[in-house]
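Colleague: Have a peek at structure-v2.tsv (TSV, C-alpha atoms (C1' of nucleotides)).
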chain	number	residue	atom	x	y	z
A	1	MET	CA	-6.38	-0.96	-2.45
A	2	SER	CA	-6.82	-0.61	1.20
A	3	THR	CA	-8.36	1.20	4.08
A	4	ASN	CA	-5.35	1.37	6.33
A	5	THR	CA	-6.20	2.92	9.66
A	6	GLN	CA	-9.16	4.89	8.36
A	7	PHE	CA	-11.86	2.37	9.14
A	8	ALA	CA	-10.74	1.70	12.69
A	9	LEU	CA	-10.15	5.40	13.26
A	10	GLY	CA	-13.62	6.21	11.95
A	11	VAL	CA	-15.21	3.64	14.22
A	12	HIS	CA	-13.29	5.07	17.13
A	13	LEU	CA	-14.36	8.64	16.43
A	14	LEU	CA	-18.01	7.84	15.84
A	15	THR	CA	-18.11	5.72	18.96
A	16	LEU	CA	-16.65	8.59	20.93
A	17	LEU	CA	-19.19	11.04	19.55
A	18	ALA	CA	-22.02	8.60	20.17
A	19	THR	CA	-20.91	8.18	23.77
A	20	LEU	CA	-20.96	11.92	24.39
A	21	ALA	CA	-24.02	12.73	22.27
A	22	PRO	CA	-25.52	15.21	22.02
A	23	GLU	CA	-22.42	17.01	23.31
A	24	SER	CA	-19.73	18.20	20.90
A	25	LEU	CA	-16.10	17.18	21.01
A	26	SER	CA	-13.12	19.08	19.64
A	27	SER	CA	-10.72	17.48	17.19
A	28	GLU	CA	-7.99	18.15	19.71
A	29	ALA	CA	-9.69	15.98	22.30
A	30	MET	CA	-10.39	13.25	19.75
A	31	ALA	CA	-6.77	13.33	18.66
A	32	GLU	CA	-5.69	12.66	22.20
A	33	SER	CA	-8.12	9.78	22.60
A	34	ALA	CA	-7.18	8.21	19.29
A	35	MET	CA	-3.45	8.86	19.64
A	36	ALA	CA	-3.32	10.73	16.36
A	37	ASN	CA	-2.71	14.33	15.44
A	38	PRO	CA	-5.64	16.74	15.08
A	39	VAL	CA	-5.18	17.23	11.34
A	40	GLN	CA	-5.63	13.57	10.59
A	41	ILE	CA	-8.70	13.60	12.79
A	42	ARG	CA	-10.14	16.52	10.85
A	43	ARG	CA	-9.38	14.81	7.58
A	44	ALA	CA	-11.30	11.76	8.75
A	45	LEU	CA	-14.15	13.87	10.11
A	46	GLY	CA	-14.37	15.61	6.75
A	47	ARG	CA	-15.46	12.40	5.06
A	48	PHE	CA	-18.14	11.76	7.64
A	49	ARG	CA	-19.34	15.33	7.45
A	50	GLN	CA	-19.61	15.02	3.70
A	51	ALA	CA	-21.56	11.81	4.19
A	52	GLY	CA	-24.00	13.62	6.47
A	53	LEU	CA	-23.12	11.67	9.60
A	54	ILE	CA	-21.78	14.57	11.63
A	55	ALA	CA	-21.70	18.35	11.74
A	56	SER	CA	-18.91	20.62	12.93
A	57	LYS	CA	-18.82	24.08	14.35
A	58	PRO	CA	-15.81	26.38	14.70
A	59	GLY	CA	-15.17	28.77	17.52
A	60	VAL	CA	-15.14	28.58	21.28
A	61	GLY	CA	-16.97	25.53	22.53
A	62	GLY	CA	-17.09	24.23	18.97
A	63	GLY	CA	-16.34	20.74	17.74
A	64	SER	CA	-18.24	17.94	16.05
A	65	HIS	CA	-21.39	16.09	16.97
A	66	LEU	CA	-23.48	13.29	15.52
A	67	LEU	CA	-26.42	14.01	13.24
A	68	LYS	CA	-27.88	10.51	13.30
A	69	ASP	CA	-29.01	8.11	15.97
A	70	PRO	CA	-26.06	5.78	16.69
A	71	ALA	CA	-28.45	2.86	16.38
A	72	THR	CA	-28.93	3.72	12.72
A	73	ILE	CA	-25.22	4.04	11.87
A	74	THR	CA	-23.91	0.68	10.74
A	75	LEU	CA	-20.30	-0.29	10.28
A	76	GLY	CA	-21.25	-0.92	6.67
A	77	GLU	CA	-21.97	2.76	6.28
A	78	VAL	CA	-18.69	3.68	7.92
A	79	TRP	CA	-16.87	1.30	5.62
A	80	ARG	CA	-18.53	2.68	2.52
A	81	VAL	CA	-17.54	6.20	3.47
A	82	VAL	CA	-13.95	5.19	4.08
A	83	GLN	CA	-13.58	2.76	1.21
A	84	GLY	CA	-14.99	5.03	-1.47
A	85	GLU	CA	-14.43	3.66	-4.94
A	86	ASN	CA	-11.37	1.64	-4.04
A	87	HIS	CA	-11.34	-1.97	-5.12
A	88	VAL	CA	-11.52	-4.59	-2.42
A	89	LEU	CA	-9.41	-7.16	-4.21
A	90	GLY	CA	-6.89	-4.74	-5.68
A	91	SER	CA	-6.37	-3.45	-9.14
A	92	TYR	CA	-5.23	-5.09	-12.31
A	93	PRO	CA	-2.48	-3.73	-14.52
A	94	GLY	CA	-3.34	-5.92	-17.50
A	95	ASP	CA	-3.16	-4.55	-20.99
A	96	PRO	CA	-6.33	-3.96	-23.04
A	97	ASP	CA	-4.74	-5.55	-26.08
A	98	CYS	CA	-4.50	-9.08	-24.72
A	99	ALA	CA	-7.79	-10.91	-25.01
A	100	VAL	CA	-7.00	-13.17	-22.08
A	101	GLY	CA	-6.04	-10.22	-19.93
A	102	ARG	CA	-9.18	-8.34	-20.80
A	103	ASN	CA	-11.30	-11.33	-19.91
A	104	ILE	CA	-9.56	-11.89	-16.61
A	105	GLN	CA	-9.89	-8.23	-15.78
A	106	SER	CA	-13.56	-8.31	-16.55
A	107	TRP	CA	-14.11	-11.27	-14.26
A	108	VAL	CA	-11.99	-9.88	-11.47
A	109	ILE	CA	-14.06	-6.71	-11.51
A	110	ASP	CA	-17.16	-8.82	-11.30
A	111	VAL	CA	-15.80	-10.84	-8.40
A	112	ASP	CA	-14.68	-7.65	-6.71
A	113	ARG	CA	-18.20	-6.29	-6.80
A	114	ARG	CA	-19.55	-9.43	-5.16
A	115	ALA	CA	-16.83	-9.37	-2.52
A	116	ARG	CA	-17.65	-5.75	-1.73
A	117	GLN	CA	-21.29	-6.66	-1.33
A	118	ALA	CA	-20.40	-9.55	0.95
A	119	ILE	CA	-18.37	-7.28	3.21
A	120	GLU	CA	-21.10	-4.67	3.33
A	121	ASP	CA	-23.74	-7.23	4.19
A	122	GLU	CA	-21.64	-8.47	7.06
A	123	LEU	CA	-20.82	-4.99	8.37
A	124	GLU	CA	-24.44	-3.90	8.16
A	125	ARG	CA	-25.11	-6.21	11.06
A	126	THR	CA	-23.24	-4.08	13.59
A	127	THR	CA	-24.13	-0.55	14.65
A	128	ILE	CA	-22.21	2.15	16.46
A	129	ALA	CA	-24.79	1.94	19.23
A	130	GLN	CA	-23.86	-1.68	19.81
A	131	LEU	CA	-20.22	-0.75	20.15
A	132	VAL	CA	-21.09	1.99	22.61
A	133	ALA	CA	-23.12	-0.44	24.70
A	134	ARG	CA	-20.36	-3.00	24.70
A	135	ALA	CA	-17.65	-0.47	25.44
A	136	HIS	CA	-19.09	-0.25	28.93
A	137	GLU	CA	-18.59	-3.93	29.59
A	138	PRO	CA	-14.86	-4.13	28.94
A	139	ARG	CA	-13.38	-7.45	28.03
A	140	LEU	CA	-11.02	-8.42	30.78
A	141	ASP	CA	-8.96	-10.58	28.58
A	142	GLY	CA	-7.55	-8.20	26.02
A	143	ILE	CA	-7.70	-9.18	22.39
A	144	GLU	CA	-9.53	-12.27	21.20
B	145	MET	CA	-3.97	-3.66	4.17
B	146	SER	CA	-4.42	-4.68	0.64
B	147	THR	CA	-3.82	-7.11	-2.10
B	148	ASN	CA	-2.89	-4.71	-4.85
B	149	THR	CA	-2.33	-6.52	-8.11
B	150	GLN	CA	-1.46	-9.83	-6.49
B	151	PHE	CA	-4.93	-11.34	-6.52
B	152	ALA	CA	-5.67	-10.49	-10.13
B	153	LEU	CA	-2.19	-11.54	-11.15
B	154	GLY	CA	-2.58	-14.85	-9.34
B	155	VAL	CA	-5.89	-15.51	-11.02
B	156	HIS	CA	-4.32	-14.71	-14.35
B	157	LEU	CA	-1.39	-17.06	-13.84
B	158	LEU	CA	-3.43	-19.96	-12.53
B	159	THR	CA	-5.89	-19.57	-15.37
B	160	LEU	CA	-3.02	-19.64	-17.84
B	161	LEU	CA	-1.57	-22.78	-16.29
B	162	ALA	CA	-4.97	-24.41	-16.16
B	163	THR	CA	-5.51	-23.69	-19.84
B	164	LEU	CA	-2.23	-25.33	-20.80
B	165	ALA	CA	-2.32	-28.16	-18.25
B	166	PRO	CA	-0.62	-30.51	-18.01
B	167	GLU	CA	2.01	-28.60	-19.96
B	168	SER	CA	4.52	-26.37	-18.20
B	169	LEU	CA	5.00	-22.68	-18.84
B	170	SER	CA	8.08	-20.56	-18.18
B	171	SER	CA	7.93	-17.46	-16.05
B	172	GLU	CA	9.21	-15.57	-19.06
B	173	ALA	CA	6.16	-16.55	-21.11
B	174	MET	CA	3.82	-15.75	-18.22
B	175	ALA	CA	5.46	-12.37	-17.81
B	176	GLU	CA	4.71	-11.55	-21.41
B	177	SER	CA	1.10	-12.65	-21.08
B	178	ALA	CA	0.53	-10.74	-17.86
B	179	MET	CA	2.50	-7.67	-18.91
B	180	ALA	CA	4.75	-7.92	-15.89
B	181	ASN	CA	8.41	-8.71	-15.45
B	182	PRO	CA	9.55	-12.28	-14.79
B	183	VAL	CA	10.75	-11.62	-11.28
B	184	GLN	CA	7.37	-10.44	-10.12
B	185	ILE	CA	5.88	-13.51	-11.74
B	186	ARG	CA	8.29	-15.75	-9.88
B	187	ARG	CA	7.54	-13.97	-6.64
B	188	ALA	CA	3.84	-14.64	-7.15
B	189	LEU	CA	4.46	-18.22	-8.19
B	190	GLY	CA	6.50	-18.73	-5.03
B	191	ARG	CA	3.42	-18.21	-2.88
B	192	PHE	CA	1.39	-20.69	-4.87
B	193	ARG	CA	4.22	-23.21	-4.82
B	194	GLN	CA	4.42	-22.87	-1.06
B	195	ALA	CA	0.66	-23.39	-0.90
B	196	GLY	CA	0.99	-26.61	-2.88
B	197	LEU	CA	-0.94	-25.39	-5.91
B	198	ILE	CA	1.89	-25.61	-8.42
B	199	ALA	CA	5.34	-27.09	-8.90
B	200	SER	CA	8.30	-25.61	-10.75
B	201	LYS	CA	11.29	-27.12	-12.47
B	202	PRO	CA	14.46	-25.35	-13.56
B	203	GLY	CA	16.46	-26.08	-16.67
B	204	VAL	CA	15.74	-26.45	-20.34
B	205	GLY	CA	12.07	-27.04	-20.97
B	206	GLY	CA	11.33	-26.20	-17.33
B	207	GLY	CA	8.65	-23.94	-15.93
B	208	SER	CA	5.64	-24.32	-13.68
B	209	HIS	CA	2.57	-26.53	-13.84
B	210	LEU	CA	-0.54	-27.10	-11.79
B	211	LEU	CA	-0.67	-29.78	-9.13
B	212	LYS	CA	-4.42	-29.66	-8.58
B	213	ASP	CA	-7.50	-30.03	-10.75
B	214	PRO	CA	-8.56	-26.49	-11.77
B	215	ALA	CA	-12.10	-27.43	-10.78
B	216	THR	CA	-10.93	-27.78	-7.17
B	217	ILE	CA	-9.06	-24.45	-7.02
B	218	THR	CA	-11.41	-21.74	-5.81
B	219	LEU	CA	-10.80	-18.02	-5.90
B	220	GLY	CA	-11.15	-18.19	-2.13
B	221	GLU	CA	-8.04	-20.32	-1.98
B	222	VAL	CA	-6.19	-17.91	-4.26
B	223	TRP	CA	-7.24	-15.02	-2.10
B	224	ARG	CA	-6.15	-16.73	1.11
B	225	VAL	CA	-2.73	-17.38	-0.37
B	226	VAL	CA	-2.35	-13.80	-1.50
B	227	GLN	CA	-3.93	-12.13	1.51
B	228	GLY	CA	-1.97	-14.02	4.12
B	229	GLU	CA	-2.37	-12.55	7.57
B	230	ASN	CA	-3.14	-9.05	6.36
B	231	HIS	CA	-6.21	-7.44	7.80
B	232	VAL	CA	-9.10	-6.83	5.45
B	233	LEU	CA	-10.28	-3.66	7.13
B	234	GLY	CA	-6.86	-2.19	7.83
B	235	SER	CA	-4.82	-1.90	10.98
B	236	TYR	CA	-5.30	0.12	14.10
B	237	PRO	CA	-2.61	2.26	15.65
B	238	GLY	CA	-4.39	2.69	18.96
B	239	ASP	CA	-2.46	2.63	22.19
B	240	PRO	CA	-2.79	-0.28	24.64
B	241	ASP	CA	-3.09	2.12	27.56
B	242	CYS	CA	-6.40	3.65	26.61
B	243	ALA	CA	-9.29	1.45	27.67
B	244	VAL	CA	-11.56	2.78	24.95
B	245	GLY	CA	-8.89	2.25	22.33
B	246	ARG	CA	-8.27	-1.30	23.47
B	247	ASN	CA	-11.96	-2.07	23.33
B	248	ILE	CA	-12.38	-0.60	19.88
B	249	GLN	CA	-9.35	-2.48	18.66
B	250	SER	CA	-10.72	-5.70	20.03
B	251	TRP	CA	-14.01	-5.18	18.26
B	252	VAL	CA	-12.44	-4.12	15.02
B	253	ILE	CA	-10.39	-7.30	15.00
B	254	ASP	CA	-13.56	-9.26	15.58
B	255	VAL	CA	-15.36	-7.50	12.75
B	256	ASP	CA	-12.33	-7.98	10.53
B	257	ARG	CA	-12.48	-11.72	11.07
B	258	ARG	CA	-16.13	-11.80	10.07
B	259	ALA	CA	-15.47	-9.66	7.00
B	260	ARG	CA	-12.67	-11.99	5.96
B	261	GLN	CA	-14.99	-14.95	6.31
B	262	ALA	CA	-17.64	-13.20	4.24
B	263	ILE	CA	-15.18	-12.57	1.42
B	264	GLU	CA	-13.92	-16.12	1.49
B	265	ASP	CA	-17.44	-17.55	1.40
B	266	GLU	CA	-18.20	-15.47	-1.65
B	267	LEU	CA	-14.96	-16.33	-3.45
B	268	GLU	CA	-15.36	-20.02	-2.73
B	269	ARG	CA	-18.18	-20.01	-5.23
B	270	THR	CA	-15.92	-19.52	-8.25
B	271	THR	CA	-13.23	-21.91	-9.47
B	272	ILE	CA	-10.32	-21.51	-11.86
B	273	ALA	CA	-11.96	-24.09	-14.10
B	274	GLN	CA	-14.98	-21.83	-14.48
B	275	LEU	CA	-12.77	-18.95	-15.53
B	276	VAL	CA	-11.02	-21.17	-18.07
B	277	ALA	CA	-14.34	-22.24	-19.52
B	278	ARG	CA	-15.58	-18.69	-19.74
B	279	ALA	CA	-12.35	-17.39	-21.21
B	280	HIS	CA	-13.29	-19.21	-24.39
B	281	GLU	CA	-16.52	-17.31	-24.74
B	282	PRO	CA	-15.11	-13.79	-24.73
B	283	ARG	CA	-17.39	-10.95	-23.79
B	284	LEU	CA	-17.70	-8.72	-26.76
B	285	ASP	CA	-18.47	-5.70	-24.76
B	286	GLY	CA	-15.37	-5.06	-22.74
B	287	ILE	CA	-15.59	-4.30	-19.08
B	288	GLU	CA	-18.84	-4.45	-17.11
C	289	DC	C1'	-11.71	42.99	19.05
C	290	DC	C1'	-9.71	38.75	20.67
C	291	DA	C1'	-9.40	33.83	21.72
C	292	DT	C1'	-10.74	29.45	20.13
C	293	DT	C1'	-11.62	26.02	16.73
C	294	DC	C1'	-12.32	24.45	12.25
C	295	DG	C1'	-10.82	23.52	7.19
C	296	DT	C1'	-7.33	23.04	4.14
C	297	DA	C1'	-3.02	23.64	1.79
C	298	DG	C1'	1.72	22.50	1.58
C	299	DC	C1'	5.69	19.79	2.55
C	300	DA	C1'	8.74	16.18	4.43
C	301	DA	C1'	8.89	11.31	6.20
C	302	DT	C1'	7.56	6.76	6.09
C	303	DC	C1'	5.98	2.52	4.07
C	304	DA	C1'	4.46	-0.88	0.72
C	305	DC	C1'	4.65	-2.28	-3.90
C	306	DT	C1'	6.87	-2.45	-8.21
C	307	DG	C1'	10.73	-2.85	-11.75
C	308	DT	C1'	15.22	-4.16	-12.66
C	309	DT	C1'	19.76	-6.25	-12.38
C	310	DA	C1'	22.59	-9.76	-10.68
C	311	DC	C1'	24.13	-14.09	-9.09
C	312	DG	C1'	23.98	-18.89	-7.54
C	313	DA	C1'	21.61	-23.49	-8.09
C	314	DA	C1'	19.35	-27.09	-10.63
C	315	DT	C1'	18.23	-29.48	-14.86
C	316	DT	C1'	18.74	-30.87	-19.72
C	317	DG	C1'	21.33	-32.11	-23.70
C	318	DA	C1'	25.68	-32.46	-26.42
D	319	DT	C1'	32.27	-32.73	-18.46
D	320	DC	C1'	30.51	-28.48	-20.33
D	321	DA	C1'	27.23	-25.16	-22.02
D	322	DA	C1'	22.60	-23.42	-22.19
D	323	DT	C1'	18.35	-22.70	-19.99
D	324	DT	C1'	15.40	-21.71	-16.19
D	325	DC	C1'	14.40	-21.09	-11.53
D	326	DG	C1'	14.92	-18.71	-6.74
D	327	DT	C1'	16.32	-14.97	-4.32
D	328	DA	C1'	18.80	-10.98	-2.87
D	329	DA	C1'	19.72	-6.12	-3.45
D	330	DC	C1'	18.55	-1.65	-4.83
D	331	DA	C1'	16.23	2.35	-6.88
D	332	DG	C1'	11.62	4.32	-8.40
D	333	DT	C1'	6.75	5.13	-7.59
D	334	DG	C1'	2.61	6.03	-5.12
D	335	DA	C1'	-0.23	6.24	-0.93
D	336	DT	C1'	-0.55	7.29	3.80
D	337	DT	C1'	0.87	9.77	7.61
D	338	DG	C1'	2.82	13.67	10.64
D	339	DC	C1'	3.41	18.31	11.03
D	340	DT	C1'	3.24	23.45	10.39
D	341	DA	C1'	0.90	27.32	8.81
D	342	DC	C1'	-2.69	30.29	7.57
D	343	DG	C1'	-7.39	31.96	6.51
D	344	DA	C1'	-12.32	31.68	8.08
D	345	DA	C1'	-15.99	31.34	11.33
D	346	DT	C1'	-17.93	31.55	15.96
D	347	DG	C1'	-18.57	33.37	20.70
D	348	DG	C1'	-17.48	36.46	24.42
Once you've parsed the file, please lay out its structure as structure tokens.
Modeller:
Amino acid sequence: MSTNTQFALGVHLLTLLATLAPESLSSEAMAESAMANPVQIRRALGRFRQAGLIASKPGVGGGSHLLKDPATITLGEVWRVVQGENHVLGSYPGDPDCAVGRNIQSWVIDVDRRARQAIEDELERTTIAQLVARAHEPRLDGIE
Amino acid sequence: MSTNTQFALGVHLLTLLATLAPESLSSEAMAESAMANPVQIRRALGRFRQAGLIASKPGVGGGSHLLKDPATITLGEVWRVVQGENHVLGSYPGDPDCAVGRNIQSWVIDVDRRARQAIEDELERTTIAQLVARAHEPRLDGIE
DNA sequence: CCATTCGTAGCAATCACTGTTACGAATTGA
DNA sequence: TCAATTCGTAACAGTGATTGCTACGAATGG
């Protein structure tokens, strides 16, 4: 199972909000910045709102704003929100009747849990604040 | 991007072959064991053949067999074969015009590389031979 | 009361993965 | 040489997840 564009989109949005904090930003403006449509933006924001990272306000001058210090928001947290309960290494369609299949499945689940932990540990090492700081020293060389 | 059932299926197949080594096994038999159809099995085997892990032989009494000692095949290697060039954390549809987007994309790619390395390091710690050994001491308790 | 913005539902479009059939190629054995 | 078996791969439909878009009700502020 996969994250598709959700992780990168989430990082983008939170970095935007962190840059403008404590100002609010409308989903319309974020959609333009992220080259996506406002509904997808709101869907993504919904997860982060539910996770307590942001708050939103309707009406004139409304929008979303961060609830936490960007220095305390790690990419691991973003990833957890986006990943949910999805398996990192994919699922297994094996049948419960076959003893071999059941064993393999059991071990794959175990390995999956360790892989998830390994990813989280790595992503915990970067914060949104770091990305904000580095966004102001653009890499001249493009990717890589 | 994701691995779906490919990783678990690959582990299943290699464990099967390791158990029967140095005998060969037909894709038909593997399909029955893995509860999948033979074509999907052959598609999966194709990747491992290309990676030099197995060899296949057509004709009567044909099938596939391992080329390496199961003790030297790590789950990290299986995962690399299955994962290919796919991103671990998903892709990013950002536009190359936006400076912010380009920066985020660059950093996400960087983080993705580190996450991939973290997964590989974790999966390197388990070998097919270990799974074979443990398959003979079935867990009585099902999953978890 | 009205304009703005959010939240969410609903629906079509796209994409990846899966399941199946089909056909040619290679190997074995009679 | 011929038949049977098995592989490798192409082609196509079916399924499920993600995405793009429109629409509508709800909340806020002027």
Colleague: Sorted by chain and rising residue number, which residues of chain D lie within 12 Å of chain A, and what are their closest atom pairs and distances in Å to one decimal, counting all atoms listed in the file, as a Markdown table?
Modeller:
| residue | atom | partner | partner_atom | distance |
| --- | --- | --- | --- | --- |
| D:DG334 | C1' | A:Met1 | CA | 11.7 |
| D:DA335 | C1' | A:Met1 | CA | 9.6 |
| D:DT336 | C1' | A:Asn4 | CA | 8.0 |
| D:DT337 | C1' | A:Gln40 | CA | 8.1 |
| D:DG338 | C1' | A:Asn37 | CA | 7.4 |
| D:DC339 | C1' | A:Asn37 | CA | 8.5 |
| D:DT340 | C1' | A:Val39 | CA | 10.5 |
| D:DA344 | C1' | A:Pro58 | CA | 9.2 |
| D:DA345 | C1' | A:Pro58 | CA | 6.0 |
| D:DT346 | C1' | A:Gly59 | CA | 4.2 |
| D:DG347 | C1' | A:Val60 | CA | 5.9 |
| D:DG348 | C1' | A:Val60 | CA | 8.8 |
Colleague: What would you get as a compact mmCIF listing (two decimals) with C-alpha atoms, in the coordinates of the input if chain A were moved onto chain B by least squares over all of its C-alpha atoms in order?
Modeller:
# COMPACT_ATOMS: atom_id res chain seq x y z
CA MET A 1 -3.76 -3.72 4.28
CA SER A 2 -4.22 -4.68 0.75
CA THR A 3 -3.67 -7.15 -2.00
CA ASN A 4 -2.71 -4.76 -4.74
CA THR A 5 -2.19 -6.55 -8.02
CA GLN A 6 -1.35 -9.89 -6.44
CA PHE A 7 -4.82 -11.38 -6.47
CA ALA A 8 -5.58 -10.49 -10.07
CA LEU A 9 -2.09 -11.55 -11.12
CA GLY A 10 -2.50 -14.87 -9.33
CA VAL A 11 -5.83 -15.51 -11.01
CA HIS A 12 -4.26 -14.70 -14.34
CA LEU A 13 -1.34 -17.06 -13.84
CA LEU A 14 -3.39 -19.96 -12.55
CA THR A 15 -5.87 -19.53 -15.37
CA LEU A 16 -3.03 -19.62 -17.85
CA LEU A 17 -1.58 -22.77 -16.32
CA ALA A 18 -5.00 -24.39 -16.18
CA THR A 19 -5.54 -23.63 -19.86
CA LEU A 20 -2.28 -25.29 -20.85
CA ALA A 21 -2.39 -28.14 -18.33
CA PRO A 22 -0.70 -30.49 -18.09
CA GLU A 23 1.93 -28.58 -20.08
CA SER A 24 4.47 -26.37 -18.30
CA LEU A 25 4.95 -22.68 -18.93
CA SER A 26 8.06 -20.61 -18.30
CA SER A 27 7.96 -17.50 -16.14
CA GLU A 28 9.22 -15.60 -19.15
CA ALA A 29 6.16 -16.54 -21.17
CA MET A 30 3.84 -15.75 -18.26
CA ALA A 31 5.51 -12.39 -17.83
CA GLU A 32 4.74 -11.54 -21.41
CA SER A 33 1.12 -12.60 -21.08
CA ALA A 34 0.61 -10.72 -17.84
CA MET A 35 2.61 -7.66 -18.89
CA ALA A 36 4.89 -7.93 -15.90
CA ASN A 37 8.54 -8.76 -15.48
CA PRO A 38 9.64 -12.36 -14.87
CA VAL A 39 10.88 -11.72 -11.34
CA GLN A 40 7.52 -10.53 -10.14
CA ILE A 41 5.97 -13.57 -11.77
CA ARG A 42 8.37 -15.86 -9.93
CA ARG A 43 7.67 -14.09 -6.68
CA ALA A 44 3.96 -14.70 -7.18
CA LEU A 45 4.53 -18.30 -8.24
CA GLY A 46 6.57 -18.83 -5.09
CA ARG A 47 3.52 -18.30 -2.91
CA PHE A 48 1.46 -20.75 -4.91
CA ARG A 49 4.25 -23.29 -4.89
CA GLN A 50 4.49 -22.98 -1.14
CA ALA A 51 0.74 -23.47 -0.95
CA GLY A 52 1.04 -26.68 -2.95
CA LEU A 53 -0.90 -25.44 -5.96
CA ILE A 54 1.92 -25.66 -8.49
CA ALA A 55 5.35 -27.16 -9.01
CA SER A 56 8.30 -25.71 -10.89
CA LYS A 57 11.23 -27.22 -12.66
CA PRO A 58 14.43 -25.49 -13.77
CA GLY A 59 16.38 -26.22 -16.89
CA VAL A 60 15.59 -26.54 -20.56
CA GLY A 61 11.91 -27.08 -21.15
CA GLY A 62 11.28 -26.25 -17.50
CA GLY A 63 8.62 -23.99 -16.06
CA SER A 64 5.62 -24.36 -13.78
CA HIS A 65 2.56 -26.55 -13.95
CA LEU A 66 -0.55 -27.11 -11.87
CA LEU A 67 -0.68 -29.81 -9.21
CA LYS A 68 -4.43 -29.69 -8.65
CA ASP A 69 -7.48 -30.02 -10.82
CA PRO A 70 -8.56 -26.48 -11.78
CA ALA A 71 -12.08 -27.40 -10.76
CA THR A 72 -10.89 -27.77 -7.18
CA ILE A 73 -9.00 -24.45 -7.02
CA THR A 74 -11.34 -21.75 -5.79
CA LEU A 75 -10.72 -18.04 -5.86
CA GLY A 76 -11.07 -18.22 -2.09
CA GLU A 77 -7.96 -20.35 -1.97
CA VAL A 78 -6.11 -17.95 -4.24
CA TRP A 79 -7.17 -15.06 -2.05
CA ARG A 80 -6.05 -16.77 1.12
CA VAL A 81 -2.64 -17.44 -0.35
CA VAL A 82 -2.25 -13.85 -1.46
CA GLN A 83 -3.82 -12.18 1.55
CA GLY A 84 -1.88 -14.09 4.18
CA GLU A 85 -2.32 -12.62 7.62
CA ASN A 86 -3.10 -9.12 6.43
CA HIS A 87 -6.17 -7.48 7.86
CA VAL A 88 -9.06 -6.87 5.52
CA LEU A 89 -10.27 -3.70 7.18
CA GLY A 90 -6.84 -2.25 7.93
CA SER A 91 -4.90 -1.92 11.10
CA TYR A 92 -5.41 0.15 14.18
CA PRO A 93 -2.73 2.33 15.73
CA GLY A 94 -4.56 2.79 19.02
CA ASP A 95 -2.67 2.79 22.27
CA PRO A 96 -3.04 -0.08 24.76
CA ASP A 97 -3.35 2.36 27.63
CA CYS A 98 -6.67 3.88 26.63
CA ALA A 99 -9.57 1.69 27.67
CA VAL A 100 -11.79 3.00 24.90
CA GLY A 101 -9.10 2.41 22.32
CA ARG A 102 -8.49 -1.11 23.51
CA ASN A 103 -12.17 -1.89 23.32
CA ILE A 104 -12.54 -0.47 19.85
CA GLN A 105 -9.50 -2.37 18.71
CA SER A 106 -10.88 -5.56 20.10
CA TRP A 107 -14.16 -5.10 18.27
CA VAL A 108 -12.53 -4.08 15.02
CA ILE A 109 -10.47 -7.25 15.08
CA ASP A 110 -13.63 -9.21 15.63
CA VAL A 111 -15.40 -7.48 12.77
CA ASP A 112 -12.36 -7.98 10.59
CA ARG A 113 -12.49 -11.71 11.14
CA ARG A 114 -16.14 -11.82 10.10
CA ALA A 115 -15.45 -9.69 7.04
CA ARG A 116 -12.63 -12.01 6.02
CA GLN A 117 -14.95 -14.97 6.35
CA ALA A 118 -17.59 -13.24 4.27
CA ILE A 119 -15.12 -12.60 1.47
CA GLU A 120 -13.85 -16.16 1.55
CA ASP A 121 -17.34 -17.58 1.43
CA GLU A 122 -18.12 -15.50 -1.61
CA LEU A 123 -14.86 -16.35 -3.40
CA GLU A 124 -15.26 -20.05 -2.69
CA ARG A 125 -18.10 -20.03 -5.17
CA THR A 126 -15.86 -19.51 -8.20
CA THR A 127 -13.19 -21.89 -9.45
CA ILE A 128 -10.29 -21.48 -11.84
CA ALA A 129 -11.95 -24.04 -14.09
CA GLN A 130 -14.96 -21.77 -14.43
CA LEU A 131 -12.75 -18.90 -15.49
CA VAL A 132 -11.02 -21.10 -18.04
CA ALA A 133 -14.36 -22.17 -19.48
CA ARG A 134 -15.59 -18.62 -19.69
CA ALA A 135 -12.37 -17.30 -21.14
CA HIS A 136 -13.31 -19.10 -24.34
CA GLU A 137 -16.55 -17.20 -24.68
CA PRO A 138 -15.17 -13.67 -24.67
CA ARG A 139 -17.44 -10.86 -23.68
CA LEU A 140 -17.85 -8.64 -26.68
CA ASP A 141 -18.63 -5.64 -24.65
CA GLY A 142 -15.50 -5.05 -22.64
CA ILE A 143 -15.84 -4.37 -18.95
CA GLU A 144 -19.16 -4.61 -17.15
Colleague: Could you tell me how far atom CA of B:Glu221 sits from atom CA of B:Glu264, in Å to one decimal place?
Modeller: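 We find that atom CA of B:Glu264 and atom CA of B:Glu221 lie 8.0 Å from each other.
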Colleague: What is the atom CA of B:His209-atom CA of B:Arg260 distance in Å, reported with one decimal?
Modeller: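 It comes out at 28.9 Å.
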Colleague: As an exercise, work out the distance from atom CA of B:Ala215 to atom CA of B:Ala273 in Å and give it to one decimal place.
Modeller: 4.7 Å
Colleague: Within 12 Å of (-22.0, 13.0, 20.2) in the file's own coordinates, which protein, DNA or RNA residues have an atom, counting only C-alpha atoms (C1' of nucleotides)? List them as number ranges by chain.
Modeller: A: 13-26, 30, 53-56, 63-70, 128-129, 132
Colleague: Please find the residues of chain C near chain B - the criterion being any atom within 6 Å, counting only C-alpha atoms (C1' of nucleotides) - and write them as a VMD selection string.
Modeller: chain C and resid 314 to 316
Colleague: Please provide as a PyMOL selection string all residues within 12 Å of D:DG343, with the sequence filter that same-chain residues fewer than 6 positions apart are discarded (counting all atoms listed in the file).
Modeller: chain C and resi 294-297
Colleague: Nearest to chain A: which of B:Val225, B:Ala188, B:Ala175, B:Leu233 is it, counting only C-alpha atoms?
Modeller: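 With only C-alpha atoms as the atom set, the closest residue is B:Leu233.
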